[in-house]
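The block underneath contains the structure these notes are about, expressed in structure tokens.
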Amino acid sequence: MPDDLRAAVEAVAVALDALRAAPGAVAVIGAVDQAAAAVAVLEPDLTGQVLQQLVLTIEHGHRVGLAHSPQLERAYRAAAVALQIDPRWV
């Protein structure tokens, strides 16, 4: 698996964990910034797009102070499916 994809997935996971631990914490926005930067270097293919959407949804959760939402669940599931069908994710 390419290092950039691995780094992006790991950064998004850190941001999601930060949101779930403390939705309103300043640490969430730092993690979101790192995740956004890691995702930005990916190709704009399906995986890159759904990871970007997940980062945006995490950021929205932080702004409204929600650790869980239907939108976050959808974005998370879409990212999981995209990674399952991405041939680079092995």
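Every chain in the structure tokens takes a letter, A first, then B, and so on in the order presented; its residues are numbered from 1, and the ligands are numbered from 1 following the presented order.
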I want to know what sits within 12 Å of Pro70 in chain A, based on only C-alpha atoms, with residues of the same chain fewer than 6 positions away left out; could you give that as JSON, numbers by chain?
{"A": [57, 58, 61, 76, 77]}
Leu56 in chain A: which residues within 10 Å, counting only C-alpha atoms, same-chain residues fewer than 3 positions away excluded, as a ChimeraX atom specification?
/A:32,35-36,50-53,59-62,72,75
Contacts of Ala80 in chain A within 12 Å, only C-alpha atoms, excl. fewer than 4 positions in-chain, as a ChimeraX atom specification:
/A:9,12-13,46-48,50-51,54,73-76,84-86,89
Would you list the contacts of Val28 in chain A as a PDB file with C-alpha atoms, in the first residue's frame, taking every protein, DNA or RNA residue within 7 Å and counting only C-alpha atoms, but skipping same-chain residues closer than 2 positions in sequence?
```pdb
ATOM      1  CA  ALA A  15      -9.068  12.915  13.922  1.00  0.00           C
ATOM      2  CA  ALA A  18     -10.195  12.890  18.841  1.00  0.00           C
ATOM      3  CA  LEU A  19     -13.735  13.875  17.871  1.00  0.00           C
ATOM      4  CA  PRO A  23     -15.986  16.784  20.315  1.00  0.00           C
ATOM      5  CA  ALA A  25     -11.719  20.096  22.198  1.00  0.00           C
ATOM      6  CA  VAL A  26      -9.108  22.217  20.456  1.00  0.00           C
ATOM      7  CA  GLY A  30      -5.397  20.109  15.057  1.00  0.00           C
ATOM      8  CA  ALA A  31      -6.083  16.494  14.176  1.00  0.00           C
ATOM      9  CA  VAL A  32      -8.510  17.582  11.447  1.00  0.00           C
ATOM     10  CA  HIS A  62     -16.322  19.485  16.046  1.00  0.00           C
TER      11      HIS A  62
END
```
Step one, run DSSP on the backbone; step two, keep only residues of chain A assigned to alpha helix (DSSP H); then write them as a VMD selection string.
chain A and resid 3 to 21 26 to 40 46 to 64 70 to 85
